[in-house]
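As structure tokens, the structure follows; a few thoughts come after it.
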Amino acid sequence: DPDSYSTIWEGAKTDSTDADHERVITALRHISEGSELETYMDVDNLLRYMAVHVFSVNEDSLSGMMAHNYYLYEYNGRLNIIPWDYNLALGGMSGSSATSVANEAIDNAFAGTDFFDTLMEDETYHAQYYEYLRRLVDEYINGGGFDEFYNRVRGQIDALVEADPNAFYSYDEYLEAVETLYELVKLRGESISGQLDGTIPSTSAEQSGSDALIDASHIDLEVMGSMDIGGGGGGFGFGGQGGASG
């Protein structure tokens, strides 16, 4: 019944027809049944997305408590995800510790979302997800790609930040923030490598009380910025005069 999906149609960002709606409903039905997944999901792209997203530890997202900040995209009957709003990644949501962010479990990040559970229940897709995580860590984080990006961006903006007359933070605070970001990304990569090879538990339940986790307790996440729900100050303002500090 198309009326059962009214939230999707009412939130559509493009004009859609009854035929479009039927394609989405058909795809969702097959996904819920776990049948013909590659016909109705852009499986490879979704697995790549899952790997990068899980690395980012963005709780203000589809995998967070509110399960939002994404678009469902359909093309020729196949469904895909277009994510957005990553300014609170790497522990930007209040209440996280650096150790919990560095060790965020890779195997139940999307708990409760049938869309991704369907993929993870398939051994082949689960193995491919693991392979994309491994490549992300080995080839990008530890293989020079991240360092090149980090140094290039700092070379482009350091002087501009230092000279900014309207900065929310001092230049010394900025330097501490970007150096903390670099260290946290490296520790995240170290934990994921351990989760992939089995030396660190890969589910939240198994991680509870484990002494195998990467210790990041010396890191103060608020150095990288904090969320200010009321707006104002130098945090991530929601509906106020806040400044983005990530």
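In the structure tokens, chains take the letters A, B, ... in the order shown, each chain's residues start at 1, and ligands count up from 1 in the order shown.
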
Region 120-129 of chain A: which residues within 10 Å, counting only C-alpha atoms, same-chain residues fewer than 6 positions away excluded, as a list in words?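 Counting only C-alpha atoms, the residues come to Gly34, Val43, Asp44, Leu46, Leu47, Arg48, Tyr49, Met50, Ala51, Val52, Ile106, Asp107, Asn108, Phe110, Asp114 and Arg135 of chain A.
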
DSSP helix (DSSP H, G or I) selection over region 4-237 of chain A, as an NGL selection string: :A and (4-10 or 18-33 or 37-40 or 43-56 or 98-102 or 114-120 or 123-141 or 145-163 or 171-197 or 204-207 or 221-224)

Excluding Thr203 (chain A) and any residue of its chain fewer than 2 positions from it, enumerate the residues within 12 Å of it, using only C-alpha atoms, and give them as JSON, numbers by chain. {"A": [103, 104, 105, 106, 107, 108, 109, 110, 111, 192, 195, 196, 198, 200, 201, 205, 206, 207, 208, 210, 213]}

Can I get the selection written as an mmCIF file, in the first residue's frame, with C-alpha atoms?
```
data_model
loop_
_atom_site.group_PDB
_atom_site.id
_atom_site.type_symbol
_atom_site.label_atom_id
_atom_site.label_comp_id
_atom_site.auth_asym_id
_atom_site.auth_seq_id
_atom_site.Cartn_x
_atom_site.Cartn_y
_atom_site.Cartn_z
ATOM 1 C CA ASN A 103 37.380 1.664 19.734
ATOM 2 C CA GLU A 104 33.848 2.033 18.385
ATOM 3 C CA ALA A 105 32.771 -1.501 17.442
ATOM 4 C CA ILE A 106 32.746 -2.305 13.737
ATOM 5 C CA ASP A 107 30.227 -5.148 13.899
ATOM 6 C CA ASN A 108 27.074 -3.626 15.338
ATOM 7 C CA ALA A 109 27.320 -0.005 14.276
ATOM 8 C CA PHE A 110 23.989 -0.164 12.445
ATOM 9 C CA ALA A 111 22.125 -2.223 15.014
ATOM 10 C CA ILE A 192 40.018 -1.167 13.651
ATOM 11 C CA GLN A 195 39.163 -5.620 15.541
ATOM 12 C CA LEU A 196 39.740 -7.035 12.061
ATOM 13 C CA GLY A 198 40.616 -10.457 16.354
ATOM 14 C CA ILE A 200 40.276 -6.388 19.916
ATOM 15 C CA PRO A 201 36.564 -7.311 20.290
ATOM 16 C CA ALA A 205 28.953 -6.310 24.130
ATOM 17 C CA GLU A 206 32.340 -8.004 23.830
ATOM 18 C CA GLN A 207 34.188 -4.732 24.349
ATOM 19 C CA SER A 208 32.499 -4.092 27.691
ATOM 20 C CA SER A 210 37.785 -5.726 27.882
ATOM 21 C CA LEU A 213 41.033 -1.767 23.858
#
```

Enumerate as a list in words all residues of chain A assigned to strand (DSSP E or B) by DSSP on the backbone, naming them with the chain letters and numbers the document uses.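 In chain A, DSSP puts these residues in strand (DSSP E or B): Met41, Tyr70, Tyr71, Leu72, Tyr73, Glu74, Tyr75, Arg78, Leu79, Asn80, Ile81, Ile82, Pro83, Met227, Asp228, Phe236 and Gly237 of chain A.
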
Which residues are close to Ser217 (chain A), i.e. within 9 Å by only C-alpha atoms, leaving aside same-chain residues fewer than 5 positions away? Reply as a PyMOL selection string. chain A and resi 97-99

What's the 6 Å shell around region 83-88 of chain A, counting only C-alpha atoms, without same-chain residues fewer than 2 positions away, as a ChimeraX atom specification? /A:69-70,92-93

Identify, on the basis of only C-alpha atoms, every residue whose closest approach to region 174-183 of chain A does not exceed 9 Å; exclude the query and any residue fewer than 4 positions from it along the same chain; express the result as a list of chain:residue names. A:Leu90, A:Asp147, A:Tyr150, A:Arg154, A:Asp158, A:Val161, A:Glu162, A:Tyr169, A:Ser170, A:Leu187, A:Arg188, A:Ile219, A:Asp220, A:Leu221, A:Glu222, A:Val223, A:Met224, A:Gly225, A:Gly246

Take the selection from the previous step and output its residues with N, CA, C and O atoms, as a PDB file, in the first residue's frame.
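Saved result, selection01.pdb, follows:
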```pdb
ATOM      1  N   LEU A  90      33.672  11.678  14.875  1.00  0.00           N
ATOM      2  CA  LEU A  90      34.784  11.457  15.802  1.00  0.00           C
ATOM      3  C   LEU A  90      34.478  12.004  17.191  1.00  0.00           C
ATOM      4  O   LEU A  90      35.290  12.707  17.806  1.00  0.00           O
ATOM      5  N   ASP A 147      47.977  11.273   5.687  1.00  0.00           N
ATOM      6  CA  ASP A 147      49.029  12.238   6.022  1.00  0.00           C
ATOM      7  C   ASP A 147      49.157  13.290   4.928  1.00  0.00           C
ATOM      8  O   ASP A 147      49.332  14.479   5.223  1.00  0.00           O
ATOM      9  N   TYR A 150      46.109  15.598   5.281  1.00  0.00           N
ATOM     10  CA  TYR A 150      46.236  16.407   6.496  1.00  0.00           C
ATOM     11  C   TYR A 150      47.251  17.533   6.300  1.00  0.00           C
ATOM     12  O   TYR A 150      46.982  18.706   6.607  1.00  0.00           O
ATOM     13  N   ARG A 154      46.435  21.600   6.031  1.00  0.00           N
ATOM     14  CA  ARG A 154      47.064  22.507   6.995  1.00  0.00           C
ATOM     15  C   ARG A 154      47.913  23.546   6.279  1.00  0.00           C
ATOM     16  O   ARG A 154      47.943  24.721   6.676  1.00  0.00           O
ATOM     17  N   ASP A 158      46.473  27.023   7.638  1.00  0.00           N
ATOM     18  CA  ASP A 158      47.102  27.438   8.905  1.00  0.00           C
ATOM     19  C   ASP A 158      47.255  28.956   8.994  1.00  0.00           C
ATOM     20  O   ASP A 158      46.853  29.582   9.981  1.00  0.00           O
ATOM     21  N   VAL A 161      43.912  30.768   9.304  1.00  0.00           N
ATOM     22  CA  VAL A 161      43.331  30.657  10.644  1.00  0.00           C
ATOM     23  C   VAL A 161      44.042  31.611  11.605  1.00  0.00           C
ATOM     24  O   VAL A 161      43.414  32.305  12.410  1.00  0.00           O
ATOM     25  N   GLU A 162      45.355  31.664  11.500  1.00  0.00           N
ATOM     26  CA  GLU A 162      46.133  32.525  12.403  1.00  0.00           C
ATOM     27  C   GLU A 162      45.781  33.994  12.220  1.00  0.00           C
ATOM     28  O   GLU A 162      45.760  34.779  13.177  1.00  0.00           O
ATOM     29  N   TYR A 169      38.357  30.669  18.104  1.00  0.00           N
ATOM     30  CA  TYR A 169      39.398  30.112  18.959  1.00  0.00           C
ATOM     31  C   TYR A 169      40.723  30.779  18.637  1.00  0.00           C
ATOM     32  O   TYR A 169      40.942  31.285  17.534  1.00  0.00           O
ATOM     33  N   SER A 170      41.642  30.719  19.587  1.00  0.00           N
ATOM     34  CA  SER A 170      42.981  31.247  19.343  1.00  0.00           C
ATOM     35  C   SER A 170      43.732  30.302  18.404  1.00  0.00           C
ATOM     36  O   SER A 170      43.350  29.147  18.216  1.00  0.00           O
ATOM     37  N   LEU A 187      44.666   6.489  16.063  1.00  0.00           N
ATOM     38  CA  LEU A 187      44.261   5.505  17.062  1.00  0.00           C
ATOM     39  C   LEU A 187      43.024   4.739  16.608  1.00  0.00           C
ATOM     40  O   LEU A 187      42.896   3.533  16.877  1.00  0.00           O
ATOM     41  N   ARG A 188      42.126   5.423  15.923  1.00  0.00           N
ATOM     42  CA  ARG A 188      40.948   4.745  15.371  1.00  0.00           C
ATOM     43  C   ARG A 188      41.380   3.667  14.379  1.00  0.00           C
ATOM     44  O   ARG A 188      40.866   2.554  14.389  1.00  0.00           O
ATOM     45  N   ILE A 219      43.256  11.800  25.718  1.00  0.00           N
ATOM     46  CA  ILE A 219      42.738  12.754  24.735  1.00  0.00           C
ATOM     47  C   ILE A 219      41.465  13.413  25.245  1.00  0.00           C
ATOM     48  O   ILE A 219      40.550  12.739  25.718  1.00  0.00           O
ATOM     49  N   ASP A 220      41.410  14.727  25.142  1.00  0.00           N
ATOM     50  CA  ASP A 220      40.214  15.503  25.486  1.00  0.00           C
ATOM     51  C   ASP A 220      39.492  15.851  24.183  1.00  0.00           C
ATOM     52  O   ASP A 220      39.960  16.686  23.412  1.00  0.00           O
ATOM     53  N   LEU A 221      38.372  15.193  23.933  1.00  0.00           N
ATOM     54  CA  LEU A 221      37.659  15.406  22.677  1.00  0.00           C
ATOM     55  C   LEU A 221      37.187  16.848  22.504  1.00  0.00           C
ATOM     56  O   LEU A 221      37.079  17.339  21.374  1.00  0.00           O
ATOM     57  N   GLU A 222      36.903  17.532  23.591  1.00  0.00           N
ATOM     58  CA  GLU A 222      36.377  18.891  23.478  1.00  0.00           C
ATOM     59  C   GLU A 222      37.412  19.864  22.933  1.00  0.00           C
ATOM     60  O   GLU A 222      37.068  20.969  22.521  1.00  0.00           O
ATOM     61  N   VAL A 223      38.673  19.444  22.920  1.00  0.00           N
ATOM     62  CA  VAL A 223      39.711  20.262  22.297  1.00  0.00           C
ATOM     63  C   VAL A 223      39.386  20.489  20.821  1.00  0.00           C
ATOM     64  O   VAL A 223      39.705  21.538  20.244  1.00  0.00           O
ATOM     65  N   MET A 224      38.730  19.508  20.192  1.00  0.00           N
ATOM     66  CA  MET A 224      38.388  19.610  18.769  1.00  0.00           C
ATOM     67  C   MET A 224      37.090  20.363  18.531  1.00  0.00           C
ATOM     68  O   MET A 224      36.650  20.510  17.390  1.00  0.00           O
ATOM     69  N   GLY A 225      36.445  20.828  19.590  1.00  0.00           N
ATOM     70  CA  GLY A 225      35.169  21.510  19.458  1.00  0.00           C
ATOM     71  C   GLY A 225      34.109  20.750  20.214  1.00  0.00           C
ATOM     72  O   GLY A 225      34.265  19.564  20.520  1.00  0.00           O
ATOM     73  N   GLY A 246      35.008  22.304  13.941  1.00  0.00           N
ATOM     74  CA  GLY A 246      35.512  20.972  13.751  1.00  0.00           C
ATOM     75  C   GLY A 246      36.634  20.935  12.735  1.00  0.00           C
ATOM     76  O   GLY A 246      36.708  21.760  11.875  1.00  0.00           O
TER      77      GLY A 246
END
```

Per residue of region 60-129 of chain A within 10 Å of region 10-14 of chain A, record the nearest atom pair and its distance in Å to one decimal, counting only C-alpha atoms, with rows in chain order and ascending residue number, as a tab-separated table.
```
residue	atom	partner	partner_atom	distance
A:Tyr71	CA	A:Ala12	CA	8.9
A:Leu72	CA	A:Ala12	CA	9.1
A:Tyr73	CA	A:Ala12	CA	9.7
```

As an NGL selection string, please: the residues near Thr113 (chain A) (cut-off 12 Å, only C-alpha atoms, same-chain neighbours under 5 positions excluded). :A and (31-32 or 61-68 or 108 or 118-120)

Counting only C-alpha atoms, the option among A:Leu184, A:Glu33, A:Asn45, A:Asp117 closest to Ile82 (chain A):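 Of A:Leu184, A:Glu33, A:Asn45, A:Asp117, the one nearest Ile82 (chain A), counting only C-alpha atoms, is A:Asn45.
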
State, in Å with one decimal place, the distance from CA of Glu74 (chain A) to CA of Tyr132 (chain A). 23.5 Å
